[in-house]
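A.B. asks: Structure incoming, see below.
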Amino acid sequence: MNKQKNKPSSKNDGKFKLPKFNFYWIYGIIAVLMLSMLLTNEFTTLSLETDRQTLIYNYIKNNDVAKIEIIENKNIAKIYINEESLSSHRHKSVRKPLIGDGINKGPHYFIKIGSSDIFEKKIEEAQKDFNFDENNRIQIFYNTEHSIFDGIWSWLPFILLIFFWIFFMRRMSSGSGPGSQIFNIGKSQAKLFDNESEVKITFNNVAGLEGAKEEVQEIVNFLKNPLKYTKLGGKIPRGALLVGPPGTGKTLLAKAVAGEAKVPFFSLSGSDFVEMFVGVGASRVRDLFKKAKMKAPAIIFIDEIDAIGRARGKNQITGSNDERENTLNQLLTEMDGFGTNDHVIILAATNRADILDRALVRAGRFDRQIYIDLPELHERKEIFNVHLKPLKVKKTLDIDFLSKQTPGFSGADIANMCNEAALIAARKNKKFIDKQDFLDAVDRIVGGLEKKNKIISKKEREVIAYHEAGHAIVSWMLQYAAPLIKVTIVPRGRSLGAAWYLPEERQITTKEQLMDEMTTALGGRAAEKIIFDKVSTGALSDLEKVTKQATSMVTIYGLSDKIGNISFYDPTGQNSGFIKPYSEKTAIEIDNEVKSLSNFAYTKALKILKENKSSLTELANILLEKEVIFKEDLEKILGKRKWGNDDKITLNPSKNSNKKAKLNETKLSK
């Protein structure tokens, strides 16, 4: 038998389906009942206005009136006609009620009166004139009456109270406004993506990251075709931890998994578990995994997991971290505890994997740690291809050139660069985005906004020119210095001038390379000393760079002969700043060695610039005239560079432009 016949049809089959019950229907029914009570007596009867003559000589004289009701607060009298008289022709207009069938029970007429006493006296006199006996006397009643609007006004405070109660209850349950989480405080804050809220991003939208994509694609394939893996006895990893610098595409990769997996995908941040109330974080973890198990197979993605995954027991203040640690304990239990979590896979992202608790990153919880590094040259080209698709660029645009000009750029940086280039081209009223717009975008992102109106004195401008010329000449004369791109004295961002380089992409760095970089950084201060015989505060960023680099060489990389092959680097970041991992004697030796390295670099920069003082002056004068110079200008003054590691750098600067590719800058700070 075909099993498909037994399945219920997804269509309505022509039958009417009742809407789902809503609790607010009860409030609507109560409101309708209240209104019906007010409206019943007001609008169901038909009552016509008459006058005193008609009442006395047509109705009372013919003995038609059953009773009269005097409404004192409205100065009207309501006349009720007896049932036998309603059948006569003179009462035909009031015989039937306004709504429905049957006989109108009254009041049938009403009359406006002045004084109730005078009106009652007239009725008594009319009955005497018509010789009414005591049994046939008309009954007269006194009453007060309120209209429907009076009733509404009396009920208004109660109605408003109900309205505000419903309003605040809905806000509390919906998750907006103060106190909104009072009823859902222990519920998971995860956002669910499924067939109804599908993510459109796929792996085709993720450029580069080839190794990382293969790892997560395997997880997606397992959810789609688990038999392929389980028939050999294998098990899919319980979790995968995405680790890498900010902007490298960790969250984007998770979005691609959500778009490709076609299974329920729960997305939330590590901070969503954090709450001021005790036990809320653990409750939210339990609720999250409960929902995921109900919809298994499913994926849970926790972004910035270091918010709750820090190593336990490292806080100096006892008890201050109990709530976060309780949340982490519950997460550890749910991921791999006594219970089972079949077909519930955990993805997490962080750029601080070194501070995570070891129990969290062990095998069985996060079986895989997928490191996502800054993109290499070919990966940057792929990222450019993705972000350039929606842009109107010139067909002659060289993407290889853009990839070479952006070492150290993350995927987010490249996306921002493409957007800035489009904005710059639009500002210039161009129809297409060209290479110059992208170079200007790099300048804008790395260096900041150009400050054309910044007021700089002639003397300060001369100091800045010699400072930047010193950087340029020293870097030109050193073998391991990064290739120069351009030098400028145009203020941009927080810098008054900059010498820009294109650093070589390398995986390891030698002591000689680091020393040449330090010498180049101190070239600006050395130029000031040689020309003006005094130095300024302009070399602040240079000194920061040199001090940090020399300290790292001594204390981290073991590149000091006096200190030896020792590294005091703490990858977990748990060591207190008040407790040093070395003695006071070693601290003195470290200080002396850092000073020695810095002094050696400064002395070397002074020597180079003294030997090329005429070239330094010539280059500074050109800078004062043009405000920006390029590699070609240095070649005219100093000749071709001895070392060919910058042969791949090709720039065609325009004479009228002072903006070109910028990456590694040396700032001249105030």
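Lettering and numbering for the structure tokens are positional, with chains as A, B, ... in the shown order, residues counted from 1 in each chain, and ligands counted from 1 in the shown order.
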Would you list the contacts of stretch 381-398 of chain A as a ChimeraX atom specification, taking every protein, DNA or RNA residue within 7 Å and counting only C-alpha atoms, but skipping same-chain residues closer than 2 positions in sequence?
C.D. replies: /A:205,207-208,377-379,400-403,411,414-415,418,432-435
A.B. asks: Using all heavy atoms, can you export the residues from the last selection as a compact mmCIF listing (two decimals), in the first residue's frame?
C.D. replies:
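Final file, part-v8.txt:
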# COMPACT_ATOMS: atom_id res chain seq x y z
N ASN A 205 29.19 33.22 -0.91
CA ASN A 205 29.39 34.60 -0.47
C ASN A 205 30.61 34.76 0.42
O ASN A 205 30.94 35.88 0.82
CB ASN A 205 28.15 35.11 0.27
CG ASN A 205 26.89 35.03 -0.57
OD1 ASN A 205 25.98 34.26 -0.29
ND2 ASN A 205 26.86 35.84 -1.62
N ALA A 207 34.45 34.48 0.57
CA ALA A 207 35.67 34.36 -0.23
C ALA A 207 36.84 34.03 0.68
O ALA A 207 36.89 34.41 1.85
CB ALA A 207 35.94 35.67 -0.98
N GLY A 208 37.83 33.32 0.11
CA GLY A 208 38.97 32.89 0.92
C GLY A 208 38.54 31.85 1.94
O GLY A 208 37.55 31.13 1.75
N LEU A 377 47.51 36.91 -0.01
CA LEU A 377 47.37 37.69 -1.25
C LEU A 377 46.26 37.14 -2.14
O LEU A 377 45.37 37.89 -2.59
CB LEU A 377 48.71 37.69 -2.00
CG LEU A 377 48.72 38.42 -3.34
CD1 LEU A 377 48.44 39.90 -3.14
CD2 LEU A 377 50.08 38.24 -4.03
N HIS A 378 46.28 35.83 -2.42
CA HIS A 378 45.26 35.26 -3.30
C HIS A 378 43.87 35.29 -2.66
O HIS A 378 42.86 35.42 -3.36
CB HIS A 378 45.64 33.83 -3.70
CG HIS A 378 45.59 32.86 -2.56
ND1 HIS A 378 46.57 32.77 -1.59
CD2 HIS A 378 44.64 31.94 -2.22
CE1 HIS A 378 46.26 31.83 -0.73
NE2 HIS A 378 45.10 31.32 -1.06
N GLU A 379 43.81 35.19 -1.33
CA GLU A 379 42.52 35.26 -0.64
C GLU A 379 41.95 36.68 -0.69
O GLU A 379 40.73 36.87 -0.83
CB GLU A 379 42.67 34.79 0.80
CG GLU A 379 42.98 33.31 0.92
CD GLU A 379 43.21 32.89 2.36
OE1 GLU A 379 43.80 33.67 3.12
OE2 GLU A 379 42.80 31.77 2.72
N ASP A 400 44.63 42.55 -8.98
CA ASP A 400 45.90 42.09 -8.42
C ASP A 400 46.64 43.25 -7.75
O ASP A 400 47.25 43.08 -6.68
CB ASP A 400 46.77 41.49 -9.53
CG ASP A 400 46.21 40.17 -10.04
OD1 ASP A 400 45.64 39.43 -9.21
OD2 ASP A 400 46.33 39.88 -11.23
N PHE A 401 46.57 44.42 -8.36
CA PHE A 401 47.22 45.60 -7.78
C PHE A 401 46.60 45.95 -6.43
O PHE A 401 47.31 46.22 -5.45
CB PHE A 401 47.09 46.78 -8.75
CG PHE A 401 47.55 48.09 -8.18
CD1 PHE A 401 48.89 48.41 -8.16
CD2 PHE A 401 46.64 48.99 -7.66
CE1 PHE A 401 49.32 49.62 -7.62
CE2 PHE A 401 47.06 50.20 -7.13
CZ PHE A 401 48.40 50.51 -7.11
N LEU A 402 45.27 45.93 -6.35
CA LEU A 402 44.60 46.24 -5.09
C LEU A 402 44.95 45.20 -4.02
O LEU A 402 45.12 45.55 -2.85
CB LEU A 402 43.08 46.28 -5.30
CG LEU A 402 42.55 47.36 -6.25
CD1 LEU A 402 41.04 47.25 -6.37
CD2 LEU A 402 42.94 48.75 -5.76
N SER A 403 45.06 43.96 -4.41
CA SER A 403 45.39 42.90 -3.44
C SER A 403 46.79 43.10 -2.88
O SER A 403 47.03 42.88 -1.68
CB SER A 403 45.29 41.53 -4.12
OG SER A 403 44.00 41.33 -4.68
N GLY A 411 38.88 40.84 5.93
CA GLY A 411 37.75 40.88 5.01
C GLY A 411 36.86 42.09 5.26
O GLY A 411 36.35 42.72 4.32
N ILE A 414 38.49 45.18 3.78
CA ILE A 414 38.35 45.24 2.32
C ILE A 414 36.93 45.67 1.93
O ILE A 414 36.74 46.47 1.01
CB ILE A 414 38.71 43.88 1.70
CG1 ILE A 414 40.20 43.60 1.90
CG2 ILE A 414 38.36 43.83 0.22
CD1 ILE A 414 40.65 42.24 1.44
N ALA A 415 35.93 45.15 2.65
CA ALA A 415 34.55 45.57 2.38
C ALA A 415 34.37 47.06 2.63
O ALA A 415 33.73 47.77 1.85
CB ALA A 415 33.58 44.76 3.25
N CYS A 418 36.07 49.06 -0.25
CA CYS A 418 35.26 49.11 -1.47
C CYS A 418 34.11 50.10 -1.33
O CYS A 418 33.79 50.85 -2.27
CB CYS A 418 34.72 47.71 -1.80
SG CYS A 418 36.00 46.52 -2.25
N PHE A 432 32.01 55.76 -13.01
CA PHE A 432 32.60 54.48 -12.64
C PHE A 432 33.67 54.72 -11.57
O PHE A 432 34.22 55.81 -11.46
CB PHE A 432 33.23 53.78 -13.86
CG PHE A 432 32.24 53.40 -14.92
CD1 PHE A 432 32.04 54.23 -16.02
CD2 PHE A 432 31.50 52.23 -14.82
CE1 PHE A 432 31.13 53.89 -16.99
CE2 PHE A 432 30.59 51.89 -15.79
CZ PHE A 432 30.40 52.72 -16.88
N ILE A 433 33.97 53.66 -10.81
CA ILE A 433 34.99 53.73 -9.77
C ILE A 433 36.31 53.27 -10.37
O ILE A 433 36.40 52.19 -10.95
CB ILE A 433 34.62 52.83 -8.58
CG1 ILE A 433 33.18 53.12 -8.12
CG2 ILE A 433 35.57 53.04 -7.42
CD1 ILE A 433 32.65 52.11 -7.13
N ASP A 434 37.35 54.09 -10.26
CA ASP A 434 38.64 53.73 -10.83
C ASP A 434 39.68 53.46 -9.74
O ASP A 434 39.37 53.51 -8.55
CB ASP A 434 39.13 54.82 -11.79
CG ASP A 434 39.22 56.18 -11.12
OD1 ASP A 434 39.36 56.21 -9.88
OD2 ASP A 434 39.15 57.20 -11.82
N LYS A 435 40.91 53.19 -10.17
CA LYS A 435 41.98 52.81 -9.25
C LYS A 435 42.29 53.90 -8.23
O LYS A 435 42.52 53.63 -7.05
CB LYS A 435 43.24 52.45 -10.04
CG LYS A 435 44.39 51.98 -9.16
CD LYS A 435 45.58 51.52 -9.98
CE LYS A 435 46.33 52.69 -10.56
NZ LYS A 435 47.60 52.27 -11.21
A.B. asks: Pull the alpha helix (DSSP H) assignments for stretch 387-450 of chain A out of DSSP run on the backbone, and list those residues as a VMD selection string.
C.D. replies: chain A and resid 387 to 388 399 to 404 411 to 427 435 to 442
A.B. asks: Have a look at atom CA of A:Leu332 and atom CA of A:Ala359 and let me know their distance in Å, one decimal.
C.D. replies: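 Atom CA of A:Leu332 sits 7.5 Å away from atom CA of A:Ala359.
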A.B. asks: Closest to A:Ala620 among A:Asp101, A:Asp570, A:Glu468, A:Asp373, using only C-alpha atoms?
C.D. replies: A:Glu468
A.B. asks: Of the candidates A:Asp357, A:Glu420, A:Asp633, A:Glu145, which shows the shortest atom-to-atom distance to A:Ile473, using only C-alpha atoms?
C.D. replies: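 Result for the nearest residue to A:Ile473: A:Asp633.
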A.B. asks: If DSSP is run on the backbone, what residues of stretch 360-531 of chain A are strand (DSSP E)? A reply as JSON, numbers by chain would be ideal.
C.D. replies: {"A": [368, 369, 370, 371, 484, 485, 486, 487, 488, 498, 499, 500, 501]}
A.B. asks: Set the distance at 9 Å and use only C-alpha atoms: which residues neighbour A:Ala527 once local chain neighbours fewer than 4 positions away are removed? I'd like the list as a PyMOL selection string.
C.D. replies: chain A and resi 466-471+522-523+531-532+535+605-606+609-610+613+616
A.B. asks: What separation in Å, quoted to one decimal, exists between atom CA of A:Ala412 and atom CA of A:Leu268?
C.D. replies: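 Atom CA of A:Leu268 lies 20.7 Å from atom CA of A:Ala412.
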A.B. asks: Compare A:Ala66, A:Ile622, A:Leu540, A:Ala296 by their minimum atom-to-atom distance to A:Asn136, counting only C-alpha atoms, and give me the closest one.
C.D. replies: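 Of A:Ala66, A:Ile622, A:Leu540, A:Ala296, the one nearest A:Asn136 is A:Ala66, counting only C-alpha atoms.
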A.B. asks: Mind checking which residues fall within 9 Å of A:Ile308, counting only C-alpha atoms, ignoring those fewer than 5 positions away in the same chain, and posting them as an mmCIF file with C-alpha atoms, in the first residue's frame?
C.D. replies:
data_model
loop_
_atom_site.group_PDB
_atom_site.id
_atom_site.type_symbol
_atom_site.label_atom_id
_atom_site.label_comp_id
_atom_site.auth_asym_id
_atom_site.auth_seq_id
_atom_site.Cartn_x
_atom_site.Cartn_y
_atom_site.Cartn_z
ATOM 1 C CA GLY A 270 27.653 35.043 24.766
ATOM 2 C CA SER A 271 26.429 38.174 26.533
ATOM 3 C CA PHE A 273 23.376 34.566 28.968
ATOM 4 C CA VAL A 274 24.591 37.300 31.309
ATOM 5 C CA ARG A 324 29.180 33.552 35.265
ATOM 6 C CA GLU A 325 30.868 30.355 36.406
ATOM 7 C CA THR A 327 26.423 29.610 33.591
ATOM 8 C CA LEU A 328 29.637 28.094 32.220
ATOM 9 C CA LEU A 356 38.745 30.243 27.460
#
A.B. asks: Need to verify the contact set: stretch 244-247 of chain A, 12 Å, only C-alpha atoms, exclusion of same-chain residues closer than 4 positions in sequence. Can you return it as a short mmCIF file (atom, residue, chain, number, x, y, z; two decimals) with N, CA, C and O atoms, in the first residue's frame?
C.D. replies:
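See part.cif below for the written result:
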data_model
loop_
_atom_site.label_atom_id
_atom_site.label_comp_id
_atom_site.auth_asym_id
_atom_site.auth_seq_id
_atom_site.Cartn_x
_atom_site.Cartn_y
_atom_site.Cartn_z
N LEU A 209 39.26 31.74 3.03
CA LEU A 209 38.93 30.84 4.14
C LEU A 209 38.70 29.41 3.66
O LEU A 209 37.79 28.72 4.13
N ALA A 212 38.92 26.69 6.42
CA ALA A 212 37.82 26.81 7.37
C ALA A 212 36.51 26.37 6.74
O ALA A 212 35.67 25.72 7.38
N THR A 251 31.82 35.31 11.93
CA THR A 251 30.35 35.38 11.95
C THR A 251 29.78 35.17 10.56
O THR A 251 28.72 34.54 10.41
N LEU A 252 30.46 35.67 9.53
CA LEU A 252 30.00 35.46 8.16
C LEU A 252 29.99 33.98 7.81
O LEU A 252 29.07 33.49 7.15
N LEU A 253 31.00 33.25 8.26
CA LEU A 253 31.06 31.81 8.01
C LEU A 253 29.91 31.11 8.71
O LEU A 253 29.31 30.17 8.16
N GLU A 304 31.01 35.40 20.20
CA GLU A 304 31.76 35.97 21.33
C GLU A 304 31.55 35.14 22.60
O GLU A 304 31.12 35.62 23.64
N ALA A 348 30.85 28.13 17.71
CA ALA A 348 31.13 29.31 18.54
C ALA A 348 32.25 30.09 17.89
O ALA A 348 33.05 29.55 17.12
N ALA A 349 32.29 31.38 18.19
CA ALA A 349 33.31 32.26 17.61
C ALA A 349 33.90 33.13 18.71
O ALA A 349 33.19 33.57 19.62
N THR A 350 35.20 33.37 18.61
CA THR A 350 35.88 34.26 19.56
C THR A 350 37.20 34.70 18.96
O THR A 350 37.76 34.02 18.10
N ASN A 351 37.69 35.86 19.39
CA ASN A 351 39.04 36.27 19.02
C ASN A 351 39.96 36.23 20.23
O ASN A 351 41.05 36.79 20.19
N ARG A 352 39.50 35.58 21.31
CA ARG A 352 40.29 35.46 22.53
C ARG A 352 40.25 34.02 23.05
O ARG A 352 39.86 33.76 24.17
N ALA A 353 40.67 33.12 22.21
CA ALA A 353 40.63 31.70 22.59
C ALA A 353 41.59 31.38 23.72
O ALA A 353 41.40 30.39 24.44
N ASP A 354 42.60 32.23 23.92
CA ASP A 354 43.60 31.94 24.95
C ASP A 354 43.04 32.07 26.36
O ASP A 354 43.61 31.53 27.31
N GLN A 369 39.09 23.23 16.60
CA GLN A 369 39.35 24.67 16.65
C GLN A 369 39.80 25.10 15.27
O GLN A 369 40.86 24.68 14.79
N ILE A 370 38.98 25.89 14.62
CA ILE A 370 39.24 26.33 13.25
C ILE A 370 39.80 27.75 13.31
O ILE A 370 39.08 28.69 13.66
N TYR A 371 41.09 27.89 12.99
CA TYR A 371 41.72 29.20 13.06
C TYR A 371 41.53 29.93 11.74
O TYR A 371 41.86 29.41 10.66
N ILE A 372 40.99 31.14 11.82
CA ILE A 372 40.74 31.97 10.64
C ILE A 372 41.68 33.17 10.73
O ILE A 372 41.45 34.08 11.52
N ASP A 373 42.72 33.14 9.92
CA ASP A 373 43.74 34.19 9.99
C ASP A 373 43.42 35.30 8.99
O ASP A 373 42.48 35.19 8.18
N LEU A 374 44.22 36.37 9.03
CA LEU A 374 44.08 37.44 8.04
C LEU A 374 44.35 36.86 6.65
O LEU A 374 45.23 36.00 6.48
N PRO A 375 43.63 37.31 5.64
CA PRO A 375 43.75 36.69 4.31
C PRO A 375 45.10 36.94 3.66
O PRO A 375 45.70 38.02 3.81
N GLY A 408 47.70 42.79 5.40
CA GLY A 408 47.21 43.03 6.76
C GLY A 408 45.76 43.45 6.82
O GLY A 408 45.22 43.62 7.92
N PHE A 409 45.10 43.59 5.67
CA PHE A 409 43.68 43.94 5.66
C PHE A 409 42.84 42.69 5.92
O PHE A 409 43.10 41.63 5.35
N SER A 410 41.84 42.82 6.76
CA SER A 410 40.89 41.72 6.97
C SER A 410 39.76 41.83 5.94
O SER A 410 39.68 42.80 5.17
N GLY A 411 38.88 40.84 5.93
CA GLY A 411 37.75 40.88 5.01
C GLY A 411 36.86 42.09 5.26
O GLY A 411 36.35 42.72 4.32
N ALA A 412 36.66 42.43 6.55
CA ALA A 412 35.86 43.60 6.88
C ALA A 412 36.53 44.88 6.40
O ALA A 412 35.85 45.81 5.93
N ASP A 413 37.87 44.95 6.49
CA ASP A 413 38.59 46.13 6.01
C ASP A 413 38.42 46.29 4.50
O ASP A 413 38.24 47.41 4.00
N ILE A 414 38.49 45.18 3.78
CA ILE A 414 38.35 45.24 2.32
C ILE A 414 36.93 45.67 1.93
O ILE A 414 36.74 46.47 1.01
N ALA A 415 35.93 45.15 2.65
CA ALA A 415 34.55 45.57 2.38
C ALA A 415 34.37 47.06 2.63
O ALA A 415 33.73 47.77 1.85
N ASN A 416 34.97 47.54 3.71
CA ASN A 416 34.90 48.97 4.01
C ASN A 416 35.64 49.80 2.96
O ASN A 416 35.18 50.88 2.56
#
A.B. asks: Set the distance at 10 Å and use only C-alpha atoms: which residues neighbour A:Phe301 once local chain neighbours fewer than 3 positions away are removed? I'd like the list as a ChimeraX atom specification.
C.D. replies: /A:190-191,239-241,251,254-255,257-258,265-270,304-305,345-349
A.B. asks: If we count only C-alpha atoms, what is near A:Lys511 at a cut-off of 12 Å, once residues fewer than 4 positions away on the same chain are taken out, given as a PyMOL selection string?
C.D. replies: chain A and resi 480+515-518+549-550+552-554+557-561+597
A.B. asks: Please produce a file of the residues just selected, as a CSV table (one decimal), in the first residue's frame, where the atoms kept are N, CA, C and O atoms.
C.D. replies:
chain,number,residue,atom,x,y,z
A,480,TYR,N,66.6,45.6,5.1
A,480,TYR,CA,65.4,44.9,5.5
A,480,TYR,C,64.2,45.9,5.8
A,480,TYR,O,63.2,45.4,6.3
A,515,MET,N,65.5,45.3,13.7
A,515,MET,CA,66.4,46.4,14.0
A,515,MET,C,66.3,47.4,12.9
A,515,MET,O,66.3,48.7,13.1
A,516,ASP,N,66.2,47.0,11.6
A,516,ASP,CA,66.1,48.0,10.5
A,516,ASP,C,64.7,48.7,10.6
A,516,ASP,O,64.7,49.9,10.3
A,517,GLU,N,63.7,48.0,11.1
A,517,GLU,CA,62.4,48.7,11.2
A,517,GLU,C,62.5,49.8,12.3
A,517,GLU,O,62.0,50.9,12.2
A,518,MET,N,63.2,49.5,13.4
A,518,MET,CA,63.4,50.4,14.5
A,518,MET,C,64.2,51.6,14.0
A,518,MET,O,64.0,52.8,14.4
A,549,GLN,N,58.6,47.5,20.3
A,549,GLN,CA,59.3,46.5,19.6
A,549,GLN,C,60.5,46.0,20.3
A,549,GLN,O,60.8,44.8,20.3
A,550,ALA,N,61.3,46.9,20.9
A,550,ALA,CA,62.5,46.5,21.6
A,550,ALA,C,62.1,45.7,22.8
A,550,ALA,O,62.8,44.7,23.1
A,552,SER,N,59.5,43.7,23.2
A,552,SER,CA,59.1,42.4,22.7
A,552,SER,C,60.3,41.6,22.3
A,552,SER,O,60.3,40.4,22.5
A,553,MET,N,61.3,42.2,21.7
A,553,MET,CA,62.5,41.4,21.3
A,553,MET,C,63.2,40.9,22.5
A,553,MET,O,63.7,39.7,22.5
A,554,VAL,N,63.2,41.6,23.6
A,554,VAL,CA,63.9,41.2,24.8
A,554,VAL,C,63.1,40.2,25.6
A,554,VAL,O,63.6,39.1,26.1
A,557,TYR,N,60.5,37.4,22.4
A,557,TYR,CA,61.1,36.6,21.3
A,557,TYR,C,62.5,36.1,21.6
A,557,TYR,O,63.0,35.3,20.8
A,558,GLY,N,63.1,36.4,22.7
A,558,GLY,CA,64.4,35.9,23.1
A,558,GLY,C,65.5,36.3,22.1
A,558,GLY,O,66.4,35.5,21.8
A,559,LEU,N,65.5,37.6,21.6
A,559,LEU,CA,66.4,38.0,20.7
A,559,LEU,C,67.5,38.9,21.3
A,559,LEU,O,68.2,39.6,20.6
A,560,SER,N,67.7,38.8,22.6
A,560,SER,CA,68.7,39.5,23.3
A,560,SER,C,69.8,38.6,23.8
A,560,SER,O,69.5,37.5,24.4
A,561,ASP,N,71.0,38.9,23.5
A,561,ASP,CA,72.1,38.0,23.9
A,561,ASP,C,72.3,38.0,25.4
A,561,ASP,O,72.7,37.0,26.0
A,597,LEU,N,69.2,48.6,22.7
A,597,LEU,CA,68.7,48.3,21.3
A,597,LEU,C,68.2,49.6,20.7
A,597,LEU,O,68.4,49.9,19.5
A.B. asks: Using only C-alpha atoms, which residue out of A:Lys92, A:His108, A:Lys291, A:Arg641 lies closest to A:Gln479?
C.D. replies: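 Ranking A:Lys92, A:His108, A:Lys291, A:Arg641 by distance to A:Gln479, first place goes to A:Arg641.
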A.B. asks: Point out the residue among A:Ser598, A:Ser614, A:Asn62, A:Ser541 with the least atom-to-atom distance to A:Ser495, counting only C-alpha atoms.
C.D. replies: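 Using only C-alpha atoms, A:Ser495 sits closest to A:Ser541.
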